[in-house]
$ cat data-v9.cif   # mmCIF, C-alpha atoms
data_upload
#
loop_
_atom_site.label_atom_id
_atom_site.label_comp_id
_atom_site.auth_asym_id
_atom_site.auth_seq_id
_atom_site.Cartn_x
_atom_site.Cartn_y
_atom_site.Cartn_z
CA MET A 1130 -41.97 16.78 91.30
CA ALA A 1131 -43.83 16.95 88.01
CA LYS A 1132 -45.56 14.38 85.82
CA ILE A 1133 -44.09 14.68 82.35
CA THR A 1134 -45.38 12.96 79.24
CA TYR A 1135 -42.98 12.11 76.46
CA ILE A 1136 -44.57 11.13 73.15
CA GLU A 1137 -42.44 9.16 70.71
CA HIS A 1138 -42.75 9.91 67.01
CA ASN A 1139 -44.71 6.67 66.55
CA GLY A 1140 -47.26 7.85 69.14
CA THR A 1141 -46.10 5.77 72.12
CA ASN A 1142 -46.71 7.67 75.36
CA HIS A 1143 -44.48 7.61 78.45
CA THR A 1144 -45.63 9.46 81.55
CA VAL A 1145 -43.13 9.60 84.40
CA ASP A 1146 -42.53 11.53 87.61
CA VAL A 1147 -39.47 13.74 87.35
CA GLN A 1148 -37.86 15.35 90.39
CA ASN A 1149 -37.53 19.10 90.66
CA GLY A 1150 -34.16 20.37 89.54
CA LEU A 1151 -33.59 17.68 86.94
CA THR A 1152 -33.93 18.59 83.29
CA VAL A 1153 -36.59 17.20 80.98
CA MET A 1154 -33.72 15.44 79.16
CA GLU A 1155 -32.54 13.76 82.38
CA GLY A 1156 -36.11 12.70 83.14
CA ALA A 1157 -36.16 10.78 79.84
CA VAL A 1158 -32.67 9.30 80.10
CA GLN A 1159 -33.10 8.16 83.73
CA ASN A 1160 -36.37 6.45 82.85
CA ASN A 1161 -34.96 4.76 79.73
CA ILE A 1162 -37.40 6.56 77.45
CA PRO A 1163 -36.25 6.13 73.85
CA GLY A 1164 -36.05 9.06 71.44
CA ILE A 1165 -33.75 11.40 73.34
CA ASP A 1166 -30.06 10.70 72.66
CA ALA A 1167 -28.38 13.52 74.64
CA ASP A 1168 -24.99 12.70 73.14
CA CYS A 1169 -23.20 15.60 74.85
CA GLY A 1170 -24.73 14.87 78.25
CA GLY A 1171 -26.55 18.17 78.67
CA SER A 1172 -23.91 20.78 77.91
CA MET A 1173 -25.97 22.29 75.07
CA ALA A 1174 -23.43 21.20 72.52
CA CYS A 1175 -25.15 18.66 70.30
CA ALA A 1176 -28.90 19.15 69.66
CA THR A 1177 -29.72 15.46 70.14
CA CYS A 1178 -32.21 15.99 73.00
CA HIS A 1179 -34.49 18.00 70.75
CA VAL A 1180 -38.22 18.00 71.60
CA TYR A 1181 -41.36 19.84 70.51
CA VAL A 1182 -43.17 21.47 73.41
CA LYS A 1183 -46.97 21.47 73.09
CA GLU A 1184 -48.15 24.96 72.13
CA ASP A 1185 -50.05 25.68 75.36
CA TRP A 1186 -46.91 24.90 77.38
CA PHE A 1187 -44.34 26.66 75.24
CA ASP A 1188 -44.84 30.11 76.80
CA LYS A 1189 -45.10 28.75 80.36
CA ILE A 1190 -41.68 27.12 80.59
CA ASN A 1191 -38.39 28.93 81.14
CA LYS A 1192 -37.25 30.91 78.10
CA LYS A 1193 -34.56 29.70 75.76
CA ASN A 1194 -30.99 30.15 76.90
CA GLU A 1195 -28.49 32.15 74.99
CA GLY A 1196 -27.09 29.80 72.39
CA GLU A 1197 -29.98 27.36 72.48
CA ASP A 1198 -31.38 28.58 69.15
CA ASP A 1199 -27.90 28.30 67.65
CA MET A 1200 -27.88 24.62 68.56
CA LEU A 1201 -31.49 24.17 67.40
CA ASP A 1202 -30.38 25.35 63.94
CA GLN A 1203 -28.52 22.06 63.83
CA ALA A 1204 -31.36 19.90 65.14
CA TYR A 1205 -33.31 17.41 63.05
CA GLU A 1206 -36.41 19.17 61.66
CA PRO A 1207 -36.64 22.14 64.03
CA LYS A 1208 -40.01 23.89 64.34
CA LYS A 1209 -41.32 27.01 66.05
CA ASN A 1210 -41.96 25.05 69.26
CA SER A 1211 -38.59 23.28 69.31
CA ARG A 1212 -36.55 23.17 72.50
CA LEU A 1213 -33.51 21.34 73.78
CA SER A 1214 -34.84 19.23 76.63
CA CYS A 1215 -31.54 19.58 78.53
CA GLN A 1216 -32.38 23.26 78.98
CA ILE A 1217 -35.84 22.81 80.51
CA ILE A 1218 -35.57 22.50 84.26
CA VAL A 1219 -38.32 20.64 86.06
CA GLN A 1220 -40.34 22.46 88.75
CA ASP A 1221 -43.72 21.71 90.35
CA ASP A 1222 -45.42 24.05 87.89
CA LEU A 1223 -44.34 21.86 84.96
CA ASP A 1224 -46.71 19.14 86.23
CA GLY A 1225 -48.58 17.85 83.19
CA LEU A 1226 -45.99 19.00 80.61
CA VAL A 1227 -46.20 17.14 77.31
CA VAL A 1228 -43.34 16.98 74.84
CA ASP A 1229 -43.29 15.38 71.42
CA MET A 1230 -40.14 13.81 70.08
CA PRO A 1231 -38.89 14.23 66.52
CA GLU A 1232 -38.71 11.27 64.15
CA LYS A 1233 -35.04 10.95 65.06
CA GLN A 1234 -32.29 13.00 66.63
CA THR A 1235 -29.55 12.61 64.04
CA MET O 83 0.39 -1.49 54.56
CA ILE O 84 1.49 0.26 57.76
CA LYS O 85 2.73 -2.04 60.53
CA THR O 86 2.20 -0.81 64.07
CA ASP O 87 1.98 -2.26 67.59
CA ALA O 88 -1.38 -0.58 68.19
CA LEU O 89 -3.81 1.46 66.16
CA ILE O 90 -5.93 4.00 68.02
CA ILE O 91 -9.24 5.09 66.53
CA GLY O 92 -10.12 8.54 67.83
CA ALA O 93 -7.89 11.51 68.68
CA GLY O 94 -9.93 12.80 71.62
CA PRO O 95 -8.47 13.07 75.13
CA THR O 96 -8.75 9.33 75.78
CA GLY O 97 -7.08 8.40 72.48
CA LEU O 98 -4.28 10.89 73.08
CA PHE O 99 -3.52 9.71 76.61
CA THR O 100 -3.71 6.07 75.52
CA ALA O 101 -1.06 6.87 72.90
CA HIS O 102 1.07 8.36 75.67
CA GLN O 103 0.74 5.22 77.75
CA LEU O 104 1.65 2.97 74.80
CA LYS O 105 4.75 5.00 74.01
CA LEU O 106 5.83 5.06 77.67
CA ILE O 107 5.89 1.27 77.80
CA GLY O 108 7.82 1.11 74.55
CA LEU O 109 5.13 0.32 71.98
CA ASP O 110 4.55 2.30 68.82
CA CYS O 111 1.12 3.44 67.68
CA GLU O 112 -0.70 5.51 65.10
CA ILE O 113 -3.98 7.41 65.44
CA VAL O 114 -6.85 7.78 62.97
CA ASP O 115 -9.60 10.38 63.35
CA ASN O 116 -12.43 11.40 61.06
CA LEU O 117 -12.20 15.06 62.12
CA ASP O 118 -9.65 17.32 60.46
CA LYS O 119 -8.15 18.23 63.82
CA ILE O 120 -6.97 16.66 67.06
CA GLY O 121 -9.15 16.79 70.18
CA GLY O 122 -12.43 14.99 69.49
CA GLN O 123 -15.53 16.27 71.29
CA CYS O 124 -13.39 18.62 73.40
CA ILE O 125 -12.38 20.57 70.33
CA GLU O 126 -15.46 20.08 68.17
CA LEU O 127 -18.25 20.49 70.71
CA TYR O 128 -16.92 22.57 73.58
CA PRO O 129 -13.51 24.16 72.89
CA ASP O 130 -14.41 27.19 75.07
CA LYS O 131 -16.34 25.47 77.83
CA PRO O 132 -14.55 25.08 81.14
CA ILE O 133 -14.05 21.57 82.56
CA TYR O 134 -13.64 21.29 86.35
CA ASP O 135 -13.01 17.61 86.99
CA ILE O 136 -9.67 16.76 85.44
CA PRO O 137 -7.45 15.55 88.34
CA ALA O 138 -4.96 18.21 89.43
CA VAL O 139 -6.32 20.73 86.91
CA PRO O 140 -8.84 22.92 88.75
CA GLU O 141 -10.20 24.43 85.55
CA CYS O 142 -9.43 24.20 81.84
CA THR O 143 -11.30 24.50 78.56
CA GLY O 144 -11.68 21.72 76.03
CA GLU O 145 -9.10 23.42 73.86
CA GLU O 146 -6.59 23.83 76.71
CA LEU O 147 -7.00 20.20 77.71
CA THR O 148 -6.35 19.13 74.13
CA ASN O 149 -3.28 21.34 73.83
CA ASN O 150 -1.88 20.00 77.11
CA LEU O 151 -2.36 16.42 75.96
CA ILE O 152 -0.66 17.20 72.64
CA ASN O 153 2.24 18.78 74.57
CA GLN O 154 2.51 15.70 76.72
CA LEU O 155 2.95 13.65 73.53
CA LYS O 156 5.75 15.88 72.24
CA PRO O 157 8.61 13.56 73.25
CA PHE O 158 7.12 10.92 71.00
CA ASP O 159 6.82 10.64 67.29
CA ILE O 160 3.21 9.68 66.65
CA LYS O 161 1.65 9.62 63.23
CA PHE O 162 -1.86 11.06 63.01
CA HIS O 163 -4.17 10.21 60.13
CA LEU O 164 -6.76 13.00 60.29
CA SER O 165 -9.87 13.36 58.11
CA GLU O 166 -9.88 9.60 57.73
CA ARG O 167 -12.54 7.24 58.97
CA VAL O 168 -11.83 3.61 59.72
CA ASP O 169 -14.27 1.62 57.63
CA GLU O 170 -13.11 -1.99 57.89
CA VAL O 171 -11.52 -4.13 60.55
CA THR O 172 -10.86 -7.73 59.48
CA LYS O 173 -8.97 -10.59 61.07
CA ASP O 174 -5.76 -11.92 59.54
CA GLY O 175 -4.36 -14.74 61.67
CA ASP O 176 -3.54 -13.21 65.05
CA LYS O 177 -3.46 -9.68 63.59
CA TRP O 178 -6.08 -7.17 62.48
CA ILE O 179 -6.17 -5.46 59.11
CA VAL O 180 -7.67 -2.00 59.35
CA LYS O 181 -8.72 0.05 56.32
CA THR O 182 -9.79 3.69 56.16
CA ASN O 183 -12.08 5.44 53.69
CA LYS O 184 -9.03 7.11 52.15
CA GLY O 185 -7.41 3.76 51.36
CA THR O 186 -4.82 3.71 54.16
CA SER O 187 -4.38 0.24 55.62
CA PHE O 188 -2.73 -1.01 58.77
CA ILE O 189 -1.72 -4.39 60.11
CA THR O 190 -1.60 -4.56 63.88
CA PRO O 191 -2.18 -6.98 66.75
CA ASN O 192 -4.06 -4.28 68.69
CA VAL O 193 -6.92 -1.96 67.76
CA ILE O 194 -8.03 0.50 70.43
CA ILE O 195 -11.38 2.17 69.81
CA ALA O 196 -11.42 5.54 71.56
CA GLY O 197 -14.27 6.78 69.45
CA GLY O 198 -16.40 8.81 71.88
CA VAL O 199 -19.97 8.69 70.65
CA GLY O 200 -18.83 7.77 67.15
CA SER O 201 -17.44 9.69 64.25
CA PHE O 202 -18.46 13.23 63.41
CA GLU O 203 -20.42 13.40 60.17
CA PRO O 204 -22.22 16.35 58.58
CA ARG O 205 -25.87 16.60 59.52
CA LYS O 206 -27.93 16.02 56.39
CA PHE O 207 -31.20 17.27 54.96
CA SER O 208 -34.26 15.25 55.91
CA VAL O 209 -36.52 15.92 52.92
CA GLU O 210 -37.65 13.04 50.77
CA GLY O 211 -35.32 11.93 47.98
CA HIS O 212 -32.24 13.78 49.27
CA GLU O 213 -30.07 10.65 49.03
CA LYS O 214 -30.21 10.39 45.26
CA PHE O 215 -28.84 13.93 44.80
CA GLU O 216 -26.14 13.68 47.49
CA ASN O 217 -22.54 14.27 46.33
CA LYS O 218 -23.96 15.46 42.98
CA SER O 219 -26.33 18.42 43.43
CA ILE O 220 -26.43 18.28 47.24
CA LEU O 221 -23.18 18.86 49.11
CA TYR O 222 -22.25 19.23 52.77
CA SER O 223 -18.70 20.42 52.22
CA ILE O 224 -16.89 22.12 49.36
CA LYS O 225 -13.75 20.67 47.84
CA ASP O 226 -13.61 22.68 44.61
CA LYS O 227 -15.49 25.97 44.55
CA ASN O 228 -14.92 26.35 40.80
CA ILE O 229 -17.70 23.89 39.99
CA PHE O 230 -20.23 26.55 41.09
CA LYS O 231 -19.00 29.29 38.75
CA GLY O 232 -21.93 30.96 36.98
CA LYS O 233 -24.42 28.57 38.62
CA THR O 234 -27.20 29.13 41.11
CA VAL O 235 -26.31 27.82 44.56
CA SER O 236 -28.77 27.56 47.46
CA ILE O 237 -27.03 27.56 50.82
CA PHE O 238 -28.83 26.42 53.99
CA GLY O 239 -27.63 27.23 57.49
CA GLY O 240 -26.91 30.13 59.83
CA GLY O 241 -23.41 29.51 61.14
CA ASP O 242 -19.97 30.52 59.97
CA SER O 243 -19.65 27.84 57.28
CA ALA O 244 -22.93 28.84 55.60
CA LEU O 245 -22.21 32.57 55.84
CA ASP O 246 -18.57 32.39 54.75
CA TRP O 247 -19.45 30.36 51.68
CA ALA O 248 -22.39 32.63 50.84
CA VAL O 249 -20.03 35.63 50.86
CA GLU O 250 -17.30 33.80 48.94
CA LEU O 251 -19.55 32.30 46.26
CA SER O 252 -21.45 35.57 45.72
CA ASN O 253 -18.40 36.74 43.74
CA ASN O 254 -19.19 34.60 40.75
CA CYS O 255 -22.41 32.67 41.43
CA ASN O 256 -26.04 33.44 42.02
CA VAL O 257 -26.43 32.74 45.75
CA ASN O 258 -29.59 32.00 47.72
CA LEU O 259 -29.03 31.93 51.48
CA ILE O 260 -31.81 30.23 53.43
CA HIS O 261 -32.01 30.07 57.22
CA ARG O 262 -34.77 28.95 59.57
CA ARG O 263 -34.77 32.16 61.64
CA ASP O 264 -33.64 35.74 61.15
CA GLU O 265 -30.74 35.60 63.57
CA PHE O 266 -27.41 34.13 62.56
CA ARG O 267 -24.81 32.54 64.78
CA GLY O 268 -21.82 33.46 62.61
CA ALA O 269 -19.19 36.10 63.37
CA GLN O 270 -20.75 39.58 63.55
CA ALA O 271 -18.57 40.99 60.74
CA THR O 272 -19.74 38.21 58.42
CA VAL O 273 -23.37 38.69 59.43
CA ASP O 274 -23.04 42.41 58.60
CA LYS O 275 -21.48 41.52 55.26
CA ILE O 276 -24.39 39.19 54.48
CA HIS O 277 -26.94 41.95 55.13
CA GLU O 278 -24.92 44.33 52.97
CA LEU O 279 -24.76 41.81 50.09
CA SER O 280 -28.47 41.15 50.50
CA LYS O 281 -29.25 44.87 50.22
CA SER O 282 -27.17 45.20 47.07
CA LYS O 283 -28.92 42.09 45.69
CA LYS O 284 -25.68 40.09 45.47
CA ILE O 285 -27.24 37.47 47.74
CA ASN O 286 -30.90 36.50 47.86
CA LEU O 287 -31.64 36.12 51.54
CA PHE O 288 -34.58 34.01 52.77
CA THR O 289 -34.97 33.89 56.53
CA LYS O 290 -37.55 31.88 58.49
CA PHE O 291 -37.58 29.41 55.61
CA GLN O 292 -36.67 25.73 55.56
CA LEU O 293 -36.22 23.22 52.75
CA LYS O 294 -39.52 21.53 51.89
CA LYS O 295 -39.04 19.71 48.58
CA LEU O 296 -36.44 18.90 45.94
CA ASN O 297 -37.55 18.98 42.31
CA GLY O 298 -35.70 17.30 39.44
CA SER O 299 -34.98 13.83 38.12
CA ASN O 300 -31.25 13.31 37.61
CA LYS O 301 -30.12 16.59 39.00
CA ILE O 302 -31.89 19.22 41.07
CA GLU O 303 -33.74 21.79 38.98
CA SER O 304 -35.53 23.71 41.70
CA ILE O 305 -36.39 23.58 45.39
CA ASP O 306 -39.46 24.50 47.39
CA ILE O 307 -38.83 26.33 50.63
CA GLU O 308 -41.49 26.88 53.27
CA ASP O 309 -41.78 29.56 55.94
CA ASP O 310 -43.31 29.36 59.42
CA ASP O 311 -46.75 30.23 58.04
CA LYS O 312 -46.53 27.37 55.50
CA LYS O 313 -46.06 29.80 52.62
CA ILE O 314 -44.05 28.12 49.86
CA LYS O 315 -41.53 29.67 47.47
CA ASN O 316 -39.98 27.91 44.50
CA LEU O 317 -36.33 28.66 43.72
CA LYS O 318 -34.51 27.54 40.60
CA THR O 319 -31.14 26.14 41.64
CA ASP O 320 -28.25 24.02 40.36
CA TYR O 321 -26.72 23.11 43.72
CA VAL O 322 -27.96 22.82 47.29
CA LEU O 323 -25.44 23.17 50.12
CA GLY O 324 -26.29 22.24 53.71
CA PHE O 325 -24.24 23.51 56.66
CA PHE O 326 -25.99 22.26 59.79
CA GLY O 327 -22.93 21.31 61.82
CA LEU O 328 -21.70 17.87 62.68
CA ILE O 329 -23.39 15.00 64.45
CA MET O 330 -21.91 11.90 65.98
CA GLN O 331 -22.69 8.57 64.39
CA LEU O 332 -21.46 5.17 65.49
CA GLY O 333 -20.88 4.44 61.81
CA PRO O 334 -18.92 1.41 60.60
CA ILE O 335 -17.97 0.30 64.17
CA ALA O 336 -21.38 -1.37 64.26
CA ASN O 337 -20.20 -3.86 61.60
CA TRP O 338 -17.06 -5.19 63.29
CA GLY O 339 -18.69 -8.04 65.19
CA LEU O 340 -18.51 -6.33 68.58
CA ASN O 341 -21.11 -6.57 71.33
CA ILE O 342 -22.86 -3.22 71.08
CA ASP O 343 -25.55 -1.95 73.42
CA LYS O 344 -27.06 1.54 73.12
CA LYS O 345 -24.27 2.85 70.88
CA THR O 346 -21.56 1.63 73.31
CA VAL O 347 -19.20 -1.34 73.15
CA GLU O 348 -19.08 -3.94 75.92
CA VAL O 349 -15.64 -4.50 77.47
CA ASP O 350 -14.07 -6.25 80.45
CA THR O 351 -12.53 -4.09 83.18
CA GLU O 352 -9.13 -5.78 83.28
CA LYS O 353 -7.96 -5.09 79.74
CA PHE O 354 -10.87 -3.09 78.36
CA GLU O 355 -10.99 -5.71 75.67
CA THR O 356 -14.15 -6.31 73.62
CA ASN O 357 -15.51 -9.73 72.70
CA GLN O 358 -12.84 -9.77 69.95
CA LYS O 359 -9.29 -10.55 71.10
CA GLY O 360 -7.00 -7.61 70.38
CA ILE O 361 -9.79 -5.05 69.97
CA TYR O 362 -10.24 -2.74 72.94
CA ALA O 363 -12.67 0.09 73.63
CA VAL O 364 -11.88 2.99 75.97
CA GLY O 365 -13.49 6.30 76.90
CA ASP O 366 -17.11 7.25 76.28
CA ILE O 367 -17.65 4.49 73.75
CA CYS O 368 -17.02 1.60 76.17
CA ASN O 369 -19.53 0.13 78.53
CA TYR O 370 -19.14 -1.99 81.68
CA PRO O 371 -20.90 -2.14 85.04
CA GLY O 372 -20.32 1.18 86.80
CA LYS O 373 -19.01 3.01 83.72
CA LEU O 374 -18.75 6.77 84.16
CA LYS O 375 -18.55 8.94 81.06
CA LEU O 376 -15.80 11.13 82.47
CA ILE O 377 -12.52 12.07 80.82
CA LEU O 378 -10.60 10.80 83.85
CA SER O 379 -12.18 7.35 83.44
CA GLY O 380 -10.97 7.31 79.83
CA PHE O 381 -7.41 7.91 81.02
CA HIS O 382 -7.57 4.94 83.39
CA GLU O 383 -9.14 2.70 80.74
CA GLY O 384 -6.48 3.67 78.19
CA ALA O 385 -3.65 2.94 80.64
CA LEU O 386 -4.92 -0.59 81.24
CA ALA O 387 -5.67 -1.28 77.57
CA ALA O 388 -2.09 -0.19 76.71
CA ARG O 389 -0.67 -2.85 79.09
CA ALA O 390 -2.89 -5.47 77.48
CA CYS O 391 -1.54 -4.42 74.07
CA PHE O 392 2.00 -5.17 75.24
CA LYS O 393 1.24 -8.88 75.59
CA LEU O 394 0.07 -9.19 71.99
CA ALA O 395 2.67 -6.86 70.48
CA ARG O 396 5.64 -8.41 72.37
CA PRO O 397 4.58 -12.01 73.00
CA ASN O 398 8.13 -13.08 73.88
CA GLU O 399 8.87 -10.30 76.33
CA LYS O 400 7.68 -9.88 79.87
CA TYR O 401 6.00 -6.60 80.76
CA ARG O 402 7.52 -4.94 83.81
CA PHE O 403 5.62 -2.27 85.67
CA GLU O 404 7.72 0.87 86.11
CA PHE O 405 7.26 4.42 87.41
CA THR O 406 8.12 7.49 85.33
CA THR O 407 9.88 8.92 88.40
CA SER O 408 12.46 6.15 88.57
CA SER O 409 12.63 4.10 85.38
CA LYS O 410 15.68 4.69 83.24
CA ALA O 411 14.03 3.08 80.23
CA ILE O 412 11.00 5.36 80.47
CA LYS O 413 13.20 8.43 80.90
CA ASN O 414 15.10 7.44 77.79
CA ARG O 415 11.87 7.22 75.86
CA LEU O 416 10.82 10.61 77.16
CA GLY O 417 14.24 12.04 76.28
CA VAL O 418 14.82 13.35 79.80
CA LYS O 419 17.93 12.92 81.91
CA SER O 420 18.12 10.17 84.48
CA ASP O 421 19.33 11.10 87.97
#
$ encode --input "data-v9.cif" --output "structure tokens"
Amino acid sequence: MAKITYIEHNGTNHTVDVQNGLTVMEGAVQNNIPGIDADCGGSMACATCHVYVKEDWFDKINKKNEGEDDMLDQAYEPKKNSRLSCQIIVQDDLDGLVVDMPEKQT
Amino acid sequence: MIKTDALIIGAGPTGLFTAHQLKLIGLDCEIVDNLDKIGGQCIELYPDKPIYDIPAVPECTGEELTNNLINQLKPFDIKFHLSERVDEVTKDGDKWIVKTNKGTSFITPNVIIAGGVGSFEPRKFSVEGHEKFENKSILYSIKDKNIFKGKTVSIFGGGDSALDWAVELSNNCNVNLIHRRDEFRGAQATVDKIHELSKSKKINLFTKFQLKKLNGSNKIESIDIEDDDKKIKNLKTDYVLGFFGLIMQLGPIANWGLNIDKKTVEVDTEKFETNQKGIYAVGDICNYPGKLKLILSGFHEGALAARACFKLARPNEKYRFEFTTSSKAIKNRLGVKSD
């Protein structure tokens, strides 16, 4: 279990407990947190669960999957610290993770 | 105006199987899809990804599933209207008039929305003021490459569309190719060609850059691009092309007076009818208590919606439930021999 904070583009904070094994995307969807669309349901095919991972966390989480950067090319305003939240799997050591959401996903 | 018993919006797996069900029970139908090919998300998003939960098919890819569904429709003559988006649905007595963006119109008692998460549209630039240049100096697809002859064209993107057009247009235009990182996701041969053309100065390659600003009043005169370290370069350009893939947008469906919640359309679970009589929603786009976004659920929903269509298309006939294994009428429609 990890406490994850999702910050909407307008600054609204949502901190929720997410079970190990779920993805950061699923943590948002299951808790009705707005800002993550996840149109393709987590198959890394759409780039609508795009988040910015806070710098100090970026190197701590699992590395990008093959193909993730290809999808991020298609994301809305990708940055250096962009990730697809469907590819970040929650573990105890992600406790305290903070992700920022882009202005929109599409 | 085309008259049909049912119009299906969306040529994904649910739309295709719904067409099959309509034809089996003796109704005719036509299908409209905004993509230029049949298959919906299966073909656009995951043609190569294996699917494991189609009943009686242990494993198949999105492309194989699509091809099998197309094969299943072979006995029937179904008209597809591809690369067309339904823009308007208006009531005309007990019928619906449906108009597409290409000017095709239909009159039908039944409209079945099998639209997935909406229609696929090109992903656009997000910089300020991009709207006023769109379809003039900013383009997301190319219809006539001759308009670029002798001009400077700035192409954004790292996939096959961006790379193929960069190579093609470098023959007779001044091409800038801009991509947000230094790896490309296009075919290796094309990527090699790009590097070769960049070395021989036929293409100006800018990697780790993104579009920052558009300059110009009526048409674009130059653009500012910015790299990861916030360094800005100004490029003179006549056209800006963006190839960032497709995204799904609910689009005009939102304006048809349907009950919409979180990009999905509310339906009942008997007919999969919306709050508008004669308009149904099936597959990922419909919503009801317990809804599962699985392909197999779309098949079930389409089968029931097809039966509901019968009542409105053949008000003076009685629908009789029949099996494909035994019904002579169905076998006739399928063009197979009866026992």
$ atom_distance --input "data-v9.cif" --atom1 "atom CA of Gln1148 of chain A" --atom2 "atom CA of Ala1131 of chain A"
6.6 Å
$ resolve_selection --input "data-v9.cif" --expression "the PyMOL selection byres ((chain O) within 10 of (chain A))" --output "JSON, numbers by chain"
{"O": [123, 126, 127, 128, 131, 198, 199, 200, 203, 204, 205, 206, 207, 208, 209, 239, 240, 241, 261, 262, 263, 265, 266, 267, 268, 290, 292, 293, 310, 325, 326, 327, 328, 329, 330, 331, 344, 345, 375]}
$ resolve_selection --input "data-v9.cif" --expression "the PyMOL selection byres ((chain O and resi 315) around 10)" --output "number ranges by chain"
O: 288, 291, 293-294, 305-309, 312-314, 316-317
$ atom_distance --input "data-v9.cif" --atom1 "atom CA of Asp1224 of chain A" --atom2 "atom CA of Gly1140 of chain A"
20.5 Å
$ resolve_selection --input "data-v9.cif" --expression "the PyMOL selection byres ((chain O and resi 162) around 10)" --output "PyMOL selection string"
chain O and resi 90+92-93+111-115+119-120+159-161+163-166
$ axis_aligned_box --input "data-v9.cif" --around "segment 1159-1177 of chain A" --padding-each-side "6 Å" --output "JSON"
{"center_x": -30.3, "center_y": 13.5, "center_z": 76.7, "size_x": 26.2, "size_y": 29.5, "size_z": 26.1}
$ atom_distance --input "data-v9.cif" --atom1 "atom CA of Ala1157 of chain A" --atom2 "atom CA of Lys373 of chain O"
19.2 Å
$ residues_around --input "data-v9.cif" --residues "Glu145 of chain O" --least-positions-apart "6" --cutoff "9 Å" --atoms "only C-alpha atoms" --output "PyMOL selection string"
chain O and resi 121+124-125+128-131
$ residues_around --input "data-v9.cif" --residues "Ser299 of chain O" --least-positions-apart "2" --cutoff "12 Å" --atoms "only C-alpha atoms" --output "tab-separated table (two decimals) with C-alpha atoms, keeping the file's coordinate frame"
chain	number	residue	atom	x	y	z
O	211	GLY	CA	-35.32	11.93	47.98
O	212	HIS	CA	-32.24	13.78	49.27
O	214	LYS	CA	-30.21	10.39	45.26
O	215	PHE	CA	-28.84	13.93	44.80
O	219	SER	CA	-26.33	18.42	43.43
O	296	LEU	CA	-36.44	18.90	45.94
O	297	ASN	CA	-37.55	18.98	42.31
O	301	LYS	CA	-30.12	16.59	39.00
O	302	ILE	CA	-31.89	19.22	41.07
O	303	GLU	CA	-33.74	21.79	38.98
O	304	SER	CA	-35.53	23.71	41.70
$ closest_residue --input "data-v9.cif" --among "A:Phe1187, A:Cys1215, A:Glu1232, A:Val1227" --to "His1143 of chain A" --atoms "all atoms listed in the file"
A:Val1227
$ build_atoms --input "data-v9.cif" --residues "segment 233-245 of chain O" --atoms "N, CA and C atoms" --output "short mmCIF file (atom, residue, chain, number, x, y, z; two decimals), keeping the file's coordinate frame"
data_model
loop_
_atom_site.label_atom_id
_atom_site.label_comp_id
_atom_site.auth_asym_id
_atom_site.auth_seq_id
_atom_site.Cartn_x
_atom_site.Cartn_y
_atom_site.Cartn_z
N LYS O 233 -23.23 29.37 38.31
CA LYS O 233 -24.42 28.57 38.62
C LYS O 233 -25.22 29.22 39.76
N THR O 234 -26.42 28.69 39.96
CA THR O 234 -27.20 29.13 41.11
C THR O 234 -27.00 28.13 42.25
N VAL O 235 -26.62 28.66 43.41
CA VAL O 235 -26.31 27.82 44.56
C VAL O 235 -27.21 28.23 45.72
N SER O 236 -27.93 27.27 46.30
CA SER O 236 -28.77 27.56 47.46
C SER O 236 -28.10 27.02 48.71
N ILE O 237 -27.77 27.93 49.62
CA ILE O 237 -27.03 27.56 50.82
C ILE O 237 -27.97 27.58 52.02
N PHE O 238 -28.00 26.50 52.79
CA PHE O 238 -28.83 26.42 53.99
C PHE O 238 -27.95 26.43 55.24
N GLY O 239 -28.36 27.20 56.23
CA GLY O 239 -27.63 27.23 57.49
C GLY O 239 -27.42 28.66 57.97
N GLY O 240 -27.05 28.80 59.26
CA GLY O 240 -26.91 30.13 59.83
C GLY O 240 -25.61 30.34 60.57
N GLY O 241 -24.69 29.39 60.43
CA GLY O 241 -23.41 29.51 61.14
C GLY O 241 -22.32 30.01 60.22
N ASP O 242 -21.08 29.96 60.73
CA ASP O 242 -19.97 30.52 59.97
C ASP O 242 -19.76 29.85 58.62
N SER O 243 -19.89 28.52 58.56
CA SER O 243 -19.65 27.84 57.28
C SER O 243 -20.62 28.35 56.22
N ALA O 244 -21.91 28.40 56.56
CA ALA O 244 -22.93 28.84 55.60
C ALA O 244 -22.66 30.28 55.18
N LEU O 245 -22.38 31.14 56.15
CA LEU O 245 -22.21 32.57 55.84
C LEU O 245 -20.93 32.82 55.05
#
